[in-house]
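Source file query16.tsv; content: TSV, C-alpha atoms.
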```
chain	number	residue	atom	x	y	z
A	112	MET	CA	-28.61	-19.89	160.30
A	113	LYS	CA	-28.47	-16.09	160.16
A	114	ARG	CA	-25.24	-16.09	162.11
A	115	ILE	CA	-23.50	-18.31	159.52
A	116	SER	CA	-24.79	-16.08	156.68
A	117	VAL	CA	-23.36	-12.93	158.35
A	118	GLN	CA	-20.00	-14.65	158.91
A	119	VAL	CA	-19.82	-15.80	155.27
A	120	ASN	CA	-20.71	-12.31	153.98
A	121	SER	CA	-18.05	-10.65	156.17
A	122	PHE	CA	-15.52	-13.27	155.05
A	123	PHE	CA	-16.23	-12.48	151.37
A	124	ILE	CA	-15.98	-8.75	152.02
A	125	GLU	CA	-12.60	-9.25	153.72
A	126	ILE	CA	-11.35	-11.37	150.80
A	127	ILE	CA	-12.51	-8.74	148.29
A	128	LEU	CA	-10.71	-6.00	150.26
A	129	VAL	CA	-7.51	-8.04	150.42
A	130	ILE	CA	-7.64	-8.73	146.67
A	131	LEU	CA	-8.28	-5.02	146.02
A	132	PHE	CA	-5.30	-4.08	148.21
A	133	PHE	CA	-3.00	-6.49	146.36
A	134	ALA	CA	-4.25	-5.30	142.96
A	135	ILE	CA	-3.45	-1.68	143.87
A	136	SER	CA	-0.06	-2.73	145.25
A	137	VAL	CA	0.80	-4.61	142.06
A	138	THR	CA	-0.24	-1.63	139.92
A	139	VAL	CA	1.97	0.77	141.87
A	140	THR	CA	4.91	-1.64	141.84
A	141	LEU	CA	4.65	-2.16	138.07
A	142	GLN	CA	4.57	1.60	137.51
A	143	LEU	CA	7.73	1.97	139.58
A	144	PHE	CA	9.50	-0.75	137.56
A	145	VAL	CA	8.47	0.87	134.27
A	146	ALA	CA	9.68	4.29	135.46
A	147	ALA	CA	12.99	2.79	136.62
A	148	ASN	CA	13.46	1.07	133.27
A	149	ASN	CA	12.78	4.35	131.41
A	150	ARG	CA	15.31	6.19	133.57
A	151	ALA	CA	17.92	3.49	132.98
A	152	GLN	CA	17.36	3.71	129.20
A	153	GLN	CA	17.65	7.52	129.29
A	154	SER	CA	20.86	7.26	131.30
A	155	SER	CA	22.32	4.73	128.89
A	156	ASP	CA	21.35	6.87	125.88
A	157	LEU	CA	22.94	9.94	127.46
A	158	SER	CA	26.19	8.09	128.23
A	159	VAL	CA	26.60	6.75	124.70
A	160	ALA	CA	25.49	10.04	123.12
A	161	VAL	CA	28.12	11.97	125.08
A	162	ILE	CA	30.79	9.45	124.03
A	163	GLN	CA	29.80	9.80	120.35
A	164	ALA	CA	29.77	13.62	120.56
A	165	GLU	CA	33.13	13.71	122.38
A	166	ASN	CA	34.62	11.38	119.76
A	167	ILE	CA	33.70	13.82	116.98
A	168	ALA	CA	34.89	16.80	119.07
A	169	GLU	CA	38.27	15.12	119.61
A	170	GLN	CA	38.56	14.53	115.87
A	171	VAL	CA	37.98	18.25	115.31
A	172	PHE	CA	40.78	19.00	117.81
A	173	SER	CA	43.11	16.69	115.87
A	174	LEU	CA	42.68	18.52	112.56
A	175	SER	CA	45.87	19.90	111.09
A	176	SER	CA	44.30	21.79	108.17
A	177	PRO	CA	41.03	23.71	107.79
A	178	ASP	CA	40.32	21.72	104.63
A	179	GLN	CA	40.51	18.39	106.48
A	180	LEU	CA	37.34	16.56	107.47
A	181	PRO	CA	37.11	14.65	110.77
A	182	ALA	CA	37.25	10.88	110.18
A	183	ALA	CA	33.76	10.29	111.62
A	184	LEU	CA	32.26	12.65	109.03
A	185	LYS	CA	33.86	10.98	106.00
A	186	THR	CA	31.10	8.35	105.96
A	187	ALA	CA	28.36	10.77	107.08
A	188	ARG	CA	25.65	12.08	104.81
A	189	GLN	CA	25.94	15.78	104.00
A	190	GLU	CA	22.63	17.64	104.16
A	191	THR	CA	21.60	20.54	101.91
A	192	ASP	CA	22.32	23.10	104.67
A	193	GLY	CA	25.93	21.88	104.94
A	194	THR	CA	25.53	19.87	108.13
A	195	TYR	CA	26.60	16.26	108.38
A	196	ARG	CA	24.22	13.54	109.56
A	197	ILE	CA	25.17	10.19	111.06
A	198	GLY	CA	22.46	7.63	111.91
A	199	TYR	CA	22.75	4.92	114.56
A	200	ASP	CA	20.54	1.91	115.34
A	201	LYS	CA	19.42	0.90	118.84
A	202	GLU	CA	22.82	-0.68	119.60
A	203	TRP	CA	24.57	2.53	118.48
A	204	LYS	CA	25.96	0.94	115.32
A	205	GLN	CA	26.14	3.24	112.32
A	206	THR	CA	23.30	2.76	109.84
A	207	ASP	CA	21.76	4.62	106.90
A	208	THR	CA	18.32	3.02	107.06
A	209	ASP	CA	15.78	3.83	109.79
A	210	PRO	CA	18.15	5.22	112.45
A	211	ARG	CA	17.01	5.33	116.07
A	212	TYR	CA	19.55	8.03	116.98
A	213	VAL	CA	20.82	10.85	114.77
A	214	VAL	CA	24.01	12.87	115.22
A	215	ASN	CA	24.05	16.22	113.40
A	216	VAL	CA	27.35	18.04	113.03
A	217	ALA	CA	27.58	21.62	111.76
A	218	LEU	CA	31.13	22.56	110.82
A	219	LYS	CA	31.89	26.27	110.76
A	220	LYS	CA	35.13	27.70	109.39
A	221	THR	CA	35.97	31.31	110.25
A	222	PRO	CA	39.06	32.59	108.43
A	223	SER	CA	41.13	35.44	109.85
A	224	ALA	CA	44.42	37.12	109.01
A	225	GLY	CA	46.45	34.68	111.11
A	226	GLY	CA	44.61	31.45	110.45
A	227	THR	CA	41.23	29.72	110.59
A	228	MET	CA	38.93	28.85	113.48
A	229	VAL	CA	37.22	25.51	112.83
A	230	GLY	CA	34.18	24.93	115.01
A	231	ALA	CA	31.76	22.04	115.31
A	232	ASP	CA	28.29	22.09	116.83
A	233	ILE	CA	27.33	18.49	117.59
A	234	THR	CA	23.75	17.52	118.44
A	235	VAL	CA	22.56	14.00	119.28
A	236	ARG	CA	18.80	13.33	118.97
A	237	ARG	CA	16.40	10.43	119.04
A	238	ARG	CA	15.15	9.70	115.52
A	239	ASN	CA	14.46	12.51	113.07
A	240	GLY	CA	13.43	15.65	114.93
A	241	GLY	CA	13.05	13.74	118.20
A	242	LYS	CA	14.07	14.76	121.68
A	243	GLU	CA	17.60	16.13	122.01
A	244	ILE	CA	19.85	13.91	124.12
A	245	CYS	CA	23.11	15.83	124.05
A	246	ARG	CA	24.66	18.98	122.56
A	247	LEU	CA	28.36	19.75	122.40
A	248	SER	CA	30.39	22.51	120.76
A	249	SER	CA	34.10	22.43	120.04
A	250	ALA	CA	36.55	24.62	118.18
A	251	LYS	CA	40.18	24.67	117.17
A	252	TYR	CA	42.28	27.52	115.87
A	253	LEU	CA	44.56	26.51	113.02
A	254	PRO	CA	47.27	29.13	112.34
A	255	LYS	CA	48.48	29.78	108.79
A	256	GLN	CA	51.66	27.95	107.94
```

When written as structure tokens, how does the structure in this file appear?
Amino acid sequence: MKRISVQVNSFFIEIILVILFFAISVTVTLQLFVAANNRAQQSSDLSVAVIQAENIAEQVFSLSSPDQLPAALKTARQETDGTYRIGYDKEWKQTDTDPRYVVNVALKKTPSAGGTMVGADITVRRRNGGKEICRLSSAKYLPKQ
């Protein structure tokens, strides 16, 4: 009788250890999947943010007059400090209400004797004041005509 009791107890201990091992394995695996998903989202955000910033930079390069405004900024909201703000939702579609991503563009015009240097500092962030995803600066010299 004692022999059967010892065998049953050791069997239950083995089962408990196997269940514990699988529970720890599942926890580690889930953490790896969550980390991989976060990295994929960050990579996707960076790719689209760079494309948006480059689009605005290319529009600055295409300016023919210092008084012109890049096309992307014509629908943007101008802040009190003179910067332009464009909001995007989670699919990177332009929105004015509750944006997930915010693109801030600071245009700087520096006149000189021969023309004007038009510069743009472009910053892409998550939400208002969130983590910066991308920063890009561009400039174009427009000679006087």

Item to complete: Work out how far atom CA of A:Met228 is from atom CA of A:Ala183, in Å to one decimal.
Response: 19.4 Å

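Residue nearest A:Gly226, chosen from A:Thr208, A:Ser176, A:Ser158, A:Ser249 and counting all atoms listed in the file: A:Ser176.
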
Worksheet item: What lies within 8 Å of A:Lys251 using all atoms listed in the file, ignoring chain neighbours under 5 positions off, as a list in words?
Response: Val171, Phe172, Met228, Val229 and Gly230 of chain A

Item to complete: Using all atoms listed in the file, collect all residues at a distance of at most 10 Å from (29.5, 5.4, 112.9) as written in the file, then present them as a PyMOL selection string.
Response: chain A and resi 163+182-187+197-200+203-207+214

Writing out the chosen residues with C-alpha atoms as an mmCIF file, keeping the file's coordinate frame:
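Wrote selection-v1.cif, looks like this:
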```
data_model
loop_
_atom_site.group_PDB
_atom_site.id
_atom_site.type_symbol
_atom_site.label_atom_id
_atom_site.label_comp_id
_atom_site.auth_asym_id
_atom_site.auth_seq_id
_atom_site.Cartn_x
_atom_site.Cartn_y
_atom_site.Cartn_z
ATOM 1 C CA GLN A 163 29.800 9.800 120.350
ATOM 2 C CA ALA A 182 37.250 10.880 110.180
ATOM 3 C CA ALA A 183 33.760 10.290 111.620
ATOM 4 C CA LEU A 184 32.260 12.650 109.030
ATOM 5 C CA LYS A 185 33.860 10.980 106.000
ATOM 6 C CA THR A 186 31.100 8.350 105.960
ATOM 7 C CA ALA A 187 28.360 10.770 107.080
ATOM 8 C CA ILE A 197 25.170 10.190 111.060
ATOM 9 C CA GLY A 198 22.460 7.630 111.910
ATOM 10 C CA TYR A 199 22.750 4.920 114.560
ATOM 11 C CA ASP A 200 20.540 1.910 115.340
ATOM 12 C CA TRP A 203 24.570 2.530 118.480
ATOM 13 C CA LYS A 204 25.960 0.940 115.320
ATOM 14 C CA GLN A 205 26.140 3.240 112.320
ATOM 15 C CA THR A 206 23.300 2.760 109.840
ATOM 16 C CA ASP A 207 21.760 4.620 106.900
ATOM 17 C CA VAL A 214 24.010 12.870 115.220
#
```

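Distance-wise, atom CA of A:Thr194 and atom CA of A:Ser223 end up 22.1 Å apart.
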
Item to complete: Could you please determine the separation between atom CA of A:Gln189 and atom CA of A:Asn166 in Å, to one decimal place?
Response: 18.5 Å

Worksheet item: Taking (37.5, 16.5, 112.0) in the file's coordinates as the center, which residues reach within 7 Å of it, counting all atoms listed in the file, put as JSON, numbers by chain?
Response: {"A": [167, 170, 171, 173, 174, 179, 180, 181, 182]}

Discussion item. Just checking: using all atoms listed in the file, which residue out of A:Ile233, A:Ile126, A:Ala217, A:Leu253 ends up closest to A:Val161?
Written reply: A:Ile233

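Distances to A:Asp232 were evaluated for A:Ile127, A:Ile162, A:Ala250, A:Leu143 using all atoms listed in the file, and the minimum falls at A:Ala250.
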